[in-house]
>>> print(open('entry.cif').read())   # mmCIF, C-alpha atoms
data_data
loop_
_atom_site.label_atom_id
_atom_site.label_comp_id
_atom_site.auth_asym_id
_atom_site.auth_seq_id
_atom_site.Cartn_x
_atom_site.Cartn_y
_atom_site.Cartn_z
CA MET P 1 96.61 133.42 126.55
CA ALA P 2 94.05 130.78 127.54
CA LYS P 3 95.02 128.41 130.35
CA ILE P 4 96.11 124.99 129.11
CA SER P 5 94.06 122.19 130.66
CA GLU P 6 95.74 119.26 132.37
CA GLU P 7 94.10 116.93 129.84
CA THR P 8 95.62 118.87 126.94
CA ARG P 9 99.03 118.99 128.60
CA LEU P 10 98.87 115.24 129.27
CA HIS P 11 97.94 114.59 125.65
CA PHE P 12 100.92 116.63 124.49
CA ASN P 13 103.34 114.90 126.85
CA GLU P 14 102.19 111.51 125.58
CA ALA P 15 102.39 112.62 121.94
CA ILE P 16 106.04 113.70 122.20
CA ILE P 17 107.24 110.45 123.81
CA PRO P 18 108.27 108.91 120.45
CA TYR P 19 110.29 112.03 119.60
CA LYS P 20 112.07 111.97 122.95
CA GLU P 21 112.84 108.27 122.60
CA LYS P 22 114.40 108.82 119.15
CA ILE P 23 116.44 111.74 120.47
CA ASN P 24 117.72 109.72 123.41
CA LEU P 25 118.69 106.83 121.12
CA ILE P 26 120.64 109.07 118.75
CA LEU P 27 122.40 110.93 121.57
CA ALA P 28 123.33 107.59 123.15
CA LYS P 29 124.72 106.48 119.76
CA GLU P 30 126.70 109.73 119.58
CA LYS P 31 128.21 109.11 123.00
CA THR P 32 129.17 105.54 122.05
CA MET P 33 130.75 106.70 118.79
CA LEU P 34 132.74 109.46 120.47
CA ASN P 35 134.05 107.05 123.09
CA GLY P 36 135.30 104.71 120.37
CA MET P 37 136.79 107.35 118.07
CA HIS P 38 140.46 108.33 117.87
CA SER P 39 141.95 111.11 115.75
CA GLU P 40 144.37 108.70 114.08
CA ASP P 41 141.54 106.44 112.87
CA ILE P 42 141.36 106.25 109.07
CA ASP P 43 137.60 106.96 109.13
CA PHE P 44 137.71 109.59 111.89
CA GLU P 45 136.47 112.47 109.70
CA ASN P 46 133.81 110.28 108.06
CA LYS P 47 132.42 109.46 111.49
CA LYS P 48 132.28 113.18 112.25
CA LEU P 49 130.16 113.63 109.12
CA VAL P 50 127.80 110.91 110.34
CA LEU P 51 127.55 112.63 113.73
CA CYS P 52 126.81 115.93 112.00
CA GLU P 53 123.96 114.33 110.05
CA ASP P 54 122.64 112.74 113.24
CA MET P 55 122.59 116.11 114.99
CA ILE P 56 120.67 117.65 112.09
CA TYR P 57 118.08 114.89 112.48
CA VAL P 58 117.90 115.44 116.25
CA SER P 59 117.27 119.14 115.66
CA SER P 60 114.36 118.23 113.37
CA LEU P 61 112.87 116.11 116.17
CA TYR P 62 113.06 119.03 118.58
CA ILE P 63 111.49 121.33 115.98
CA ALA P 64 108.73 118.72 115.47
CA GLN P 65 108.02 118.86 119.21
CA ASN P 66 107.48 122.59 118.89
CA SER P 67 105.13 122.07 115.94
CA LEU P 68 103.16 119.57 118.00
CA SER P 69 103.01 122.00 120.90
CA LEU P 70 101.57 124.67 118.62
CA LYS P 71 99.01 122.21 117.27
CA VAL P 72 97.94 120.67 120.58
CA MET P 73 98.42 123.47 123.12
CA GLU P 74 98.60 126.49 120.80
CA VAL P 75 101.81 127.69 122.46
CA LYS P 76 105.41 127.70 121.32
CA ASN P 77 107.75 125.21 123.00
CA ASN P 78 110.78 127.41 123.59
CA ASP P 79 112.66 124.68 125.46
CA ALA P 80 112.49 122.38 122.43
CA LEU P 81 113.51 125.20 120.08
CA ASN P 82 116.44 126.13 122.28
CA ASP P 83 117.54 122.49 122.39
CA ALA P 84 117.36 122.42 118.58
CA ARG P 85 119.51 125.56 118.44
CA LYS P 86 122.17 123.99 120.68
CA ILE P 87 122.14 120.77 118.65
CA LEU P 88 122.64 122.65 115.39
CA TYR P 89 125.71 124.29 116.92
CA LYS P 90 126.99 120.78 117.61
CA ALA P 91 126.37 119.80 113.99
CA ILE P 92 128.40 122.77 112.83
CA ILE P 93 131.18 122.07 115.33
CA TYR P 94 131.58 118.55 113.92
CA LEU P 95 132.13 120.09 110.48
CA GLU P 96 134.48 122.72 111.89
CA GLU P 97 136.57 119.93 113.40
CA ILE P 98 136.91 118.39 109.94
CA VAL P 99 137.66 121.47 107.79
CA THR P 100 138.42 124.33 110.25
CA ASN P 101 136.33 127.38 111.17
CA ASN P 102 138.66 129.89 109.48
CA ILE P 103 136.45 132.33 107.57
CA ASP P 104 138.79 133.65 104.89
CA ILE P 105 141.36 130.87 104.70
CA ALA P 106 142.90 130.46 101.23
CA PHE P 107 141.37 127.55 99.32
CA SER P 108 144.89 126.17 98.72
CA GLU P 109 145.38 125.89 102.49
CA LEU P 110 142.36 123.61 102.80
CA GLY P 111 144.11 120.83 100.87
CA PRO P 112 145.35 118.88 103.93
CA TYR P 113 141.83 118.86 105.39
CA HIS P 114 140.28 117.61 102.16
CA GLU P 115 142.83 114.82 101.82
CA ARG P 116 141.25 113.18 104.85
CA ILE P 117 137.78 113.15 103.26
CA MET P 118 138.75 112.36 99.66
CA ASN P 119 136.25 109.51 99.57
CA VAL P 120 133.32 111.82 100.36
CA THR P 121 131.60 112.82 97.12
CA ILE P 122 130.61 116.39 96.42
CA ALA P 123 127.00 115.17 96.21
CA ARG P 124 127.14 114.02 99.82
CA ARG P 125 128.88 117.17 100.98
CA TYR P 126 126.25 119.29 99.25
CA SER P 127 123.48 117.15 100.72
CA ILE P 128 124.79 117.63 104.26
CA ILE P 129 125.17 121.36 103.77
CA THR P 130 121.68 121.82 102.30
CA LYS P 131 120.07 119.76 105.07
CA LEU P 132 121.89 121.81 107.68
CA GLY P 133 120.84 125.05 106.03
CA LEU P 134 117.22 123.94 105.84
CA ALA P 135 117.20 123.02 109.53
CA ILE P 136 118.64 126.43 110.46
CA ASN P 137 116.04 128.25 108.33
CA ILE P 138 113.14 126.25 109.79
CA LEU P 139 114.39 126.89 113.33
CA LYS P 140 114.85 130.59 112.66
CA ASP P 141 111.28 130.81 111.34
CA ALA P 142 109.99 128.87 114.36
CA PHE P 143 111.61 131.33 116.78
CA GLY P 144 110.14 134.28 114.87
CA ASP P 145 111.45 137.76 114.04
CA ASN P 146 111.09 139.10 117.59
CA SER P 147 113.01 136.30 119.27
CA LYS P 148 115.72 137.15 121.80
CA TRP P 149 117.96 134.91 119.69
CA LYS P 150 117.59 137.12 116.60
CA TRP P 151 121.16 138.40 116.57
CA SER P 152 122.66 135.12 117.76
CA PHE P 153 121.49 133.58 114.48
CA VAL P 154 124.00 135.84 112.72
CA GLU P 155 126.78 133.83 114.33
CA LEU P 156 125.07 130.49 113.73
CA GLU P 157 124.47 131.27 110.05
CA GLY P 158 127.94 132.73 109.69
CA ARG P 159 129.58 129.59 111.05
CA TYR P 160 127.34 127.59 108.73
CA ALA P 161 128.50 129.65 105.75
CA THR P 162 132.11 129.09 106.77
CA VAL P 163 131.90 125.30 106.95
CA ALA P 164 129.85 125.19 103.74
CA LYS P 165 132.71 127.00 102.00
CA ASN P 166 135.48 125.01 103.66
CA LEU P 167 133.88 121.62 103.02
CA ILE P 168 134.01 121.92 99.23
CA ASP P 169 137.24 120.94 97.46
CA MET P 170 137.66 123.85 95.09
CA LYS P 171 140.79 122.37 93.52
CA ASN P 172 138.60 119.80 91.78
CA SER P 173 135.37 121.77 91.85
CA THR P 174 136.75 124.69 89.85
CA LYS P 175 137.24 122.35 86.91
CA ASP P 176 133.81 120.77 87.33
CA TYR P 177 132.21 124.22 87.63
CA TRP P 178 133.28 125.13 84.10
CA ASP P 179 132.75 121.70 82.50
CA PRO P 180 129.12 120.94 81.55
CA ASN P 181 130.22 117.42 80.58
CA SER P 182 131.42 116.61 84.09
CA GLN P 183 129.17 114.28 86.08
CA ASN P 184 129.56 116.68 89.00
CA TYR P 185 128.80 119.81 87.00
CA GLU P 186 125.24 120.47 88.20
CA THR P 187 125.94 119.74 91.86
CA THR P 188 129.11 121.83 91.79
CA VAL P 189 127.38 124.83 90.22
CA LEU P 190 124.55 124.64 92.78
CA TYR P 191 127.00 124.25 95.66
CA VAL P 192 129.24 127.15 94.56
CA ARG P 193 126.25 129.42 94.00
CA LEU P 194 125.00 128.53 97.48
CA ILE P 195 128.38 129.42 98.99
CA MET P 196 128.35 132.78 97.20
CA LYS P 197 124.90 133.50 98.59
CA LEU P 198 125.81 132.43 102.12
CA LEU P 199 129.03 134.46 102.27
CA ASP P 200 127.26 137.56 100.96
CA SER P 201 124.37 137.08 103.41
CA SER P 202 126.71 136.62 106.36
CA ALA P 203 128.69 139.74 105.45
CA THR P 204 125.47 141.76 105.31
CA ALA P 205 124.10 140.19 108.52
CA TYR P 206 127.23 140.97 110.51
CA ARG P 207 127.22 144.55 109.25
CA ASP P 208 123.54 144.87 110.22
CA LYS P 209 124.31 143.43 113.64
CA TYR P 210 127.07 146.02 114.03
CA GLU P 211 124.94 148.92 112.81
CA LEU P 212 121.64 148.05 114.49
CA SER P 213 122.64 146.23 117.66
CA THR P 214 126.13 145.83 119.08
CA ARG P 215 128.40 148.51 117.54
CA ARG P 216 131.16 146.00 118.34
CA ILE P 217 134.18 146.34 116.07
CA ASP P 218 134.63 142.54 115.85
CA ASP P 219 131.19 142.23 114.22
CA MET P 220 132.24 144.66 111.50
CA ARG P 221 135.55 142.81 111.13
CA ASN P 222 133.64 139.57 110.61
CA ALA P 223 131.48 141.28 107.98
CA ILE P 224 134.65 142.21 106.11
CA ARG P 225 136.11 138.71 106.53
CA TYR P 226 133.09 137.23 104.77
CA LEU P 227 133.55 139.70 101.93
CA LEU P 228 137.22 138.70 101.71
CA ALA P 229 136.22 135.03 101.54
CA LEU P 230 133.70 135.81 98.81
CA ARG P 231 136.31 137.75 96.85
CA LYS P 232 138.74 134.81 97.05
CA LEU P 233 136.05 132.61 95.55
CA TYR P 234 135.38 135.02 92.68
CA ILE P 235 139.12 135.29 91.98
CA LEU P 236 139.47 131.51 91.95
CA LEU P 237 136.65 131.26 89.42
CA GLY P 238 138.18 133.98 87.27
CA ASN P 239 135.30 136.40 87.81
CA SER P 240 137.29 139.64 87.78
CA ASP P 241 134.28 141.98 87.60
CA GLN P 242 132.65 140.57 90.69
CA SER P 243 135.93 140.36 92.60
CA GLU P 244 136.60 144.03 91.81
CA GLU P 245 133.12 145.01 93.04
CA ILE P 246 133.71 143.13 96.29
CA LYS P 247 137.12 144.79 96.63
CA LYS P 248 135.49 148.23 96.39
CA LYS P 249 132.90 147.25 98.98
CA ILE P 250 135.62 146.01 101.34
CA VAL P 251 137.39 149.39 101.10
CA VAL P 252 134.14 151.25 101.87
CA TRP P 253 133.35 149.00 104.83
CA LYS P 254 136.89 149.27 106.22
CA ASP P 255 136.79 153.04 105.96
CA LYS P 256 133.45 153.04 107.77
CA MET P 257 134.82 150.76 110.50
CA ASP P 258 137.98 152.86 110.96
CA SER P 259 135.99 156.09 111.03
CA ASP P 260 133.57 154.74 113.67
CA HIS P 261 136.48 153.41 115.71
CA LYS P 262 138.23 156.80 115.70
CA LYS P 263 135.01 158.54 116.72
CA GLY P 264 134.63 156.06 119.56
CA LEU P 265 138.16 156.67 120.79
CA SER P 266 137.75 160.45 120.68
CA SER P 267 134.37 160.55 122.36
#
>>> encode(input="entry.cif", output="structure tokens")
Amino acid sequence: MAKISEETRLHFNEAIIPYKEKINLILAKEKTMLNGMHSEDIDFENKKLVLCEDMIYVSSLYIAQNSLSLKVMEVKNNDALNDARKILYKAIIYLEEIVTNNIDIAFSELGPYHERIMNVTIARRYSIITKLGLAINILKDAFGDNSKWKWSFVELEGRYATVAKNLIDMKNSTKDYWDPNSQNYETTVLYVRLIMKLLDSSATAYRDKYELSTRRIDDMRNAIRYLLALRKLYILLGNSDQSEEIKKKIVVWKDKMDSDHKKGLSS
């Protein structure tokens, strides 16, 4: 790699000043909001949604710094990318604090969480989830396939899939999903299809992580949990064929996990 000149480095440092200033302003706003928030506040969960959106924006500013580094210095800015990764975890945590991080929780058990965000439209929920997903995908691409964080993205994307599923109010959305005349029909269909895709992807990713990297039993258990969550969704929508296919897959994966575990104990 060619040595970066002091002039080029100085140019880069000056170019990223506006990004750093915006980041500092948003993080200062976050601190102020958190200091003034109380769990009994009527808009507590709505403020958490705002903070989540702010963190997504901050991550985009860090990713932009990396893009600028590639353009100006022709090197990746791993510090900026790592900061973006940490910030996206914060965005997800804000959502987890609103609707729990339970992977295969029954949709009926999510009712109390959704009561506190009844005023948040499905359009806004879907918008937040899609923006978060886009940020994660862009960051993952920026790190590259050979990144040391490759397998850690399985957890990040899995937690994203979980909050995407838990944020939607399926009690109302099930009706909208089957009603083309509903004003929320298109958004609901897109959102539900996205959840299906994310749960399936996370199940596969955790199994791959288990098979190709860790051999940790909890990774395989998580893979199965995402399948269970996906099956609950198919059952709720009345899709018996798909739910039966997932059920068969769960049995196969459990048998595989139990067999590997017994081999490990006997070896």
>>> residues_around(input="entry.cif", residues="Glu30 (chain P)", least_positions_apart="4", cutoff="8 Å", atoms="all atoms listed in the file", output="ChimeraX atom specification")
/P:26,34,51
>>> resolve_selection(input="entry.cif", expression="the PyMOL selection byres ((chain P and resi 233-245) around 10)", output="ChimeraX atom specification")
/P:104,106-107,165,170-171,173-175,177-178,192,195-196,199,227-232,246-250
>>> resolve_selection(input="entry.cif", expression="the PyMOL selection byres ((chain P and resi 8) around 12)", output="ChimeraX atom specification")
/P:3-7,9-15,68-75
>>> residues_around(input="entry.cif", residues="Lys256 (chain P)", least_positions_apart="6", cutoff="12 Å", atoms="only C-alpha atoms", output="VMD selection string")
chain P and resid 207 210 to 211 215 217 220 to 221 223 to 224 249 to 250 262 to 263
>>> closest_residue(input="entry.cif", among="P:Asn101, P:Ser127, P:Gly133, P:Leu139", to="Gln65 (chain P)", atoms="only C-alpha atoms")
P:Leu139
>>> residues_near_point(input="entry.cif", point="(119.0, 133.4, 117.9)", cutoff="12 Å", atoms="all atoms listed in the file", output="number ranges by chain")
P: 78, 81-86, 88-89, 136-137, 139-157
>>> atom_distance(input="entry.cif", atom1="CA of Ile93 (chain P)", atom2="CA of Lys48 (chain P)")
9.5 Å
>>> closest_residue(input="entry.cif", among="P:Leu212, P:Met33, P:Ile63, P:Val252", to="Ile16 (chain P)", atoms="all atoms listed in the file")
P:Ile63
>>> axis_aligned_box(input="entry.cif", around="region 96-113 of chain P", padding_each_side="3 Å", output="lines of an AutoDock Vina configuration file")
center_x = 139.9
center_y = 126.0
center_z = 106.1
size_x = 16.9
size_y = 21.3
size_z = 20.7
>>> residues_around(input="entry.cif", residues="Leu190 (chain P)", least_positions_apart="6", cutoff="12 Å", atoms="all atoms listed in the file", output="list of chain:residue names")
P:Ile122, P:Ala123, P:Arg125, P:Tyr126, P:Ser127, P:Ile129, P:Thr130, P:Ile168, P:Ser173, P:Asp176, P:Tyr177, P:Asn184, P:Met196, P:Lys197
>>> atom_distance(input="entry.cif", atom1="CA of Ser201 (chain P)", atom2="CA of Ser259 (chain P)")
23.5 Å
>>> closest_residue(input="entry.cif", among="P:Ser59, P:Asn46, P:Asn172, P:Asn35", to="Gly111 (chain P)", atoms="all atoms listed in the file")
P:Asn172
>>> resolve_selection(input="entry.cif", expression="the PyMOL selection byres ((chain P and resi 91) around 9)", output="list in words")
Leu49, Leu51, Cys52, Glu53, Asp54, Met55, Ile56, Lys86, Ile87, Leu88, Tyr89, Lys90, Ile92, Ile93, Tyr94, Leu95, Glu96 and Leu132 of chain P
>>> residues_around(input="entry.cif", residues="Phe44 (chain P)", least_positions_apart="4", cutoff="10 Å", atoms="all atoms listed in the file", output="ChimeraX atom specification")
/P:34,37-40,48-49,98,116-117
>>> write_last_selection(input="entry.cif", atoms="C-alpha atoms", output="short mmCIF file (atom, residue, chain, number, x, y, z; two decimals), keeping the file's coordinate frame")
data_model
loop_
_atom_site.label_atom_id
_atom_site.label_comp_id
_atom_site.auth_asym_id
_atom_site.auth_seq_id
_atom_site.Cartn_x
_atom_site.Cartn_y
_atom_site.Cartn_z
CA LEU P 34 132.74 109.46 120.47
CA MET P 37 136.79 107.35 118.07
CA HIS P 38 140.46 108.33 117.87
CA SER P 39 141.95 111.11 115.75
CA GLU P 40 144.37 108.70 114.08
CA LYS P 48 132.28 113.18 112.25
CA LEU P 49 130.16 113.63 109.12
CA ILE P 98 136.91 118.39 109.94
CA ARG P 116 141.25 113.18 104.85
CA ILE P 117 137.78 113.15 103.26
#
>>> atom_distance(input="entry.cif", atom1="CA of Ala203 (chain P)", atom2="CA of Tyr160 (chain P)")
12.7 Å
>>> closest_residue(input="entry.cif", among="P:Ala164, P:Ala28, P:Val120, P:Leu134", to="Tyr191 (chain P)", atoms="all atoms listed in the file")
P:Ala164
>>> closest_residue(input="entry.cif", among="P:Asn102, P:Asn77, P:Asn24, P:Ser182", to="Ala64 (chain P)", atoms="all atoms listed in the file")
P:Asn77
>>> closest_residue(input="entry.cif", among="P:Asn222, P:Arg193, P:Pro112, P:Thr188", to="Met257 (chain P)", atoms="all atoms listed in the file")
P:Asn222
>>> decode(input="entry.cif", residues="region 114-127 of chain P", atoms="all heavy atoms", output="PDB file, in the first residue's frame")
ATOM      1  N   HIS P 114     -47.205  -3.155  22.618  1.00  0.00           N
ATOM      2  CA  HIS P 114     -47.781  -2.370  21.531  1.00  0.00           C
ATOM      3  C   HIS P 114     -48.780  -1.327  22.035  1.00  0.00           C
ATOM      4  O   HIS P 114     -48.993  -0.310  21.366  1.00  0.00           O
ATOM      5  CB  HIS P 114     -48.453  -3.293  20.516  1.00  0.00           C
ATOM      6  CG  HIS P 114     -47.482  -4.126  19.747  1.00  0.00           C
ATOM      7  ND1 HIS P 114     -47.721  -5.432  19.389  1.00  0.00           N
ATOM      8  CD2 HIS P 114     -46.240  -3.837  19.277  1.00  0.00           C
ATOM      9  CE1 HIS P 114     -46.679  -5.906  18.723  1.00  0.00           C
ATOM     10  NE2 HIS P 114     -45.769  -4.956  18.650  1.00  0.00           N
ATOM     11  N   GLU P 115     -49.362  -1.574  23.175  1.00  0.00           N
ATOM     12  CA  GLU P 115     -50.298  -0.593  23.733  1.00  0.00           C
ATOM     13  C   GLU P 115     -49.609   0.741  23.998  1.00  0.00           C
ATOM     14  O   GLU P 115     -50.235   1.795  23.905  1.00  0.00           O
ATOM     15  CB  GLU P 115     -50.906  -1.128  25.037  1.00  0.00           C
ATOM     16  CG  GLU P 115     -51.955  -2.212  24.825  1.00  0.00           C
ATOM     17  CD  GLU P 115     -52.477  -2.761  26.142  1.00  0.00           C
ATOM     18  OE1 GLU P 115     -52.104  -2.206  27.215  1.00  0.00           O
ATOM     19  OE2 GLU P 115     -53.248  -3.743  26.112  1.00  0.00           O
ATOM     20  N   ARG P 116     -48.320   0.680  24.293  1.00  0.00           N
ATOM     21  CA  ARG P 116     -47.581   1.900  24.611  1.00  0.00           C
ATOM     22  C   ARG P 116     -47.134   2.664  23.373  1.00  0.00           C
ATOM     23  O   ARG P 116     -46.627   3.779  23.490  1.00  0.00           O
ATOM     24  CB  ARG P 116     -46.382   1.551  25.503  1.00  0.00           C
ATOM     25  CG  ARG P 116     -46.784   0.960  26.857  1.00  0.00           C
ATOM     26  CD  ARG P 116     -45.616   0.961  27.819  1.00  0.00           C
ATOM     27  NE  ARG P 116     -44.632  -0.053  27.500  1.00  0.00           N
ATOM     28  CZ  ARG P 116     -44.625  -1.289  28.030  1.00  0.00           C
ATOM     29  NH1 ARG P 116     -45.563  -1.641  28.892  1.00  0.00           N
ATOM     30  NH2 ARG P 116     -43.698  -2.156  27.702  1.00  0.00           N
ATOM     31  N   ILE P 117     -47.288   2.049  22.196  1.00  0.00           N
ATOM     32  CA  ILE P 117     -46.920   2.753  20.949  1.00  0.00           C
ATOM     33  C   ILE P 117     -48.080   2.697  19.952  1.00  0.00           C
ATOM     34  O   ILE P 117     -47.873   2.645  18.737  1.00  0.00           O
ATOM     35  CB  ILE P 117     -45.636   2.170  20.322  1.00  0.00           C
ATOM     36  CG1 ILE P 117     -45.746   0.643  20.154  1.00  0.00           C
ATOM     37  CG2 ILE P 117     -44.409   2.547  21.131  1.00  0.00           C
ATOM     38  CD1 ILE P 117     -44.604   0.039  19.357  1.00  0.00           C
ATOM     39  N   MET P 118     -49.299   2.726  20.486  1.00  0.00           N
ATOM     40  CA  MET P 118     -50.489   2.644  19.632  1.00  0.00           C
ATOM     41  C   MET P 118     -50.555   3.767  18.614  1.00  0.00           C
ATOM     42  O   MET P 118     -51.111   3.617  17.528  1.00  0.00           O
ATOM     43  CB  MET P 118     -51.752   2.666  20.504  1.00  0.00           C
ATOM     44  CG  MET P 118     -52.007   1.387  21.271  1.00  0.00           C
ATOM     45  SD  MET P 118     -53.425   1.520  22.378  1.00  0.00           S
ATOM     46  CE  MET P 118     -54.730   1.894  21.207  1.00  0.00           C
ATOM     47  N   ASN P 119     -49.991   4.923  18.969  1.00  0.00           N
ATOM     48  CA  ASN P 119     -50.072   6.083  18.078  1.00  0.00           C
ATOM     49  C   ASN P 119     -49.042   6.032  16.952  1.00  0.00           C
ATOM     50  O   ASN P 119     -49.042   6.900  16.063  1.00  0.00           O
ATOM     51  CB  ASN P 119     -49.884   7.370  18.882  1.00  0.00           C
ATOM     52  CG  ASN P 119     -48.504   7.444  19.535  1.00  0.00           C
ATOM     53  OD1 ASN P 119     -47.965   6.427  19.965  1.00  0.00           O
ATOM     54  ND2 ASN P 119     -47.946   8.636  19.613  1.00  0.00           N
ATOM     55  N   VAL P 120     -48.169   5.043  16.961  1.00  0.00           N
ATOM     56  CA  VAL P 120     -47.141   4.934  15.927  1.00  0.00           C
ATOM     57  C   VAL P 120     -47.692   4.101  14.768  1.00  0.00           C
ATOM     58  O   VAL P 120     -48.001   2.929  14.937  1.00  0.00           O
ATOM     59  CB  VAL P 120     -45.859   4.275  16.482  1.00  0.00           C
ATOM     60  CG1 VAL P 120     -44.785   4.223  15.389  1.00  0.00           C
ATOM     61  CG2 VAL P 120     -45.351   5.039  17.695  1.00  0.00           C
ATOM     62  N   THR P 121     -47.812   4.711  13.614  1.00  0.00           N
ATOM     63  CA  THR P 121     -48.403   4.029  12.457  1.00  0.00           C
ATOM     64  C   THR P 121     -47.503   2.907  11.967  1.00  0.00           C
ATOM     65  O   THR P 121     -46.278   2.928  12.180  1.00  0.00           O
ATOM     66  CB  THR P 121     -48.645   5.014  11.308  1.00  0.00           C
ATOM     67  OG1 THR P 121     -47.362   5.495  10.833  1.00  0.00           O
ATOM     68  CG2 THR P 121     -49.510   6.193  11.756  1.00  0.00           C
ATOM     69  N   ILE P 122     -48.110   1.963  11.271  1.00  0.00           N
ATOM     70  CA  ILE P 122     -47.314   0.881  10.703  1.00  0.00           C
ATOM     71  C   ILE P 122     -46.357   1.417   9.641  1.00  0.00           C
ATOM     72  O   ILE P 122     -45.254   0.880   9.459  1.00  0.00           O
ATOM     73  CB  ILE P 122     -48.209  -0.238  10.124  1.00  0.00           C
ATOM     74  CG1 ILE P 122     -47.341  -1.446   9.745  1.00  0.00           C
ATOM     75  CG2 ILE P 122     -49.009   0.273   8.922  1.00  0.00           C
ATOM     76  CD1 ILE P 122     -48.115  -2.686   9.405  1.00  0.00           C
ATOM     77  N   ALA P 123     -46.745   2.506   8.975  1.00  0.00           N
ATOM     78  CA  ALA P 123     -45.870   3.111   7.964  1.00  0.00           C
ATOM     79  C   ALA P 123     -44.575   3.604   8.600  1.00  0.00           C
ATOM     80  O   ALA P 123     -43.485   3.407   8.053  1.00  0.00           O
ATOM     81  CB  ALA P 123     -46.588   4.262   7.269  1.00  0.00           C
ATOM     82  N   ARG P 124     -44.694   4.215   9.782  1.00  0.00           N
ATOM     83  CA  ARG P 124     -43.489   4.701  10.451  1.00  0.00           C
ATOM     84  C   ARG P 124     -42.654   3.539  10.987  1.00  0.00           C
ATOM     85  O   ARG P 124     -41.432   3.559  10.900  1.00  0.00           O
ATOM     86  CB  ARG P 124     -43.855   5.643  11.604  1.00  0.00           C
ATOM     87  CG  ARG P 124     -42.603   6.258  12.220  1.00  0.00           C
ATOM     88  CD  ARG P 124     -42.861   7.314  13.243  1.00  0.00           C
ATOM     89  NE  ARG P 124     -41.603   7.728  13.848  1.00  0.00           N
ATOM     90  CZ  ARG P 124     -41.444   8.032  15.114  1.00  0.00           C
ATOM     91  NH1 ARG P 124     -42.475   8.009  15.947  1.00  0.00           N
ATOM     92  NH2 ARG P 124     -40.265   8.395  15.586  1.00  0.00           N
ATOM     93  N   ARG P 125     -43.316   2.546  11.519  1.00  0.00           N
ATOM     94  CA  ARG P 125     -42.579   1.383  12.016  1.00  0.00           C
ATOM     95  C   ARG P 125     -41.808   0.723  10.879  1.00  0.00           C
ATOM     96  O   ARG P 125     -40.629   0.368  11.036  1.00  0.00           O
ATOM     97  CB  ARG P 125     -43.552   0.373  12.651  1.00  0.00           C
ATOM     98  CG  ARG P 125     -44.321   0.927  13.838  1.00  0.00           C
ATOM     99  CD  ARG P 125     -45.211  -0.133  14.469  1.00  0.00           C
ATOM    100  NE  ARG P 125     -46.261   0.483  15.292  1.00  0.00           N
ATOM    101  CZ  ARG P 125     -46.913  -0.117  16.272  1.00  0.00           C
ATOM    102  NH1 ARG P 125     -46.618  -1.367  16.577  1.00  0.00           N
ATOM    103  NH2 ARG P 125     -47.848   0.510  16.953  1.00  0.00           N
ATOM    104  N   TYR P 126     -42.470   0.563   9.752  1.00  0.00           N
ATOM    105  CA  TYR P 126     -41.833  -0.061   8.593  1.00  0.00           C
ATOM    106  C   TYR P 126     -40.684   0.799   8.083  1.00  0.00           C
ATOM    107  O   TYR P 126     -39.625   0.282   7.700  1.00  0.00           O
ATOM    108  CB  TYR P 126     -42.869  -0.272   7.490  1.00  0.00           C
ATOM    109  CG  TYR P 126     -42.329  -0.929   6.241  1.00  0.00           C
ATOM    110  CD1 TYR P 126     -41.764  -2.194   6.282  1.00  0.00           C
ATOM    111  CD2 TYR P 126     -42.388  -0.268   5.006  1.00  0.00           C
ATOM    112  CE1 TYR P 126     -41.274  -2.789   5.134  1.00  0.00           C
ATOM    113  CE2 TYR P 126     -41.909  -0.861   3.854  1.00  0.00           C
ATOM    114  CZ  TYR P 126     -41.350  -2.128   3.926  1.00  0.00           C
ATOM    115  OH  TYR P 126     -40.858  -2.719   2.790  1.00  0.00           O
ATOM    116  N   SER P 127     -40.868   2.112   8.107  1.00  0.00           N
ATOM    117  CA  SER P 127     -39.820   3.026   7.664  1.00  0.00           C
ATOM    118  C   SER P 127     -38.575   2.904   8.532  1.00  0.00           C
ATOM    119  O   SER P 127     -37.441   2.832   8.027  1.00  0.00           O
ATOM    120  CB  SER P 127     -40.338   4.475   7.698  1.00  0.00           C
ATOM    121  OG  SER P 127     -39.307   5.397   7.426  1.00  0.00           O
TER     122      SER P 127
END
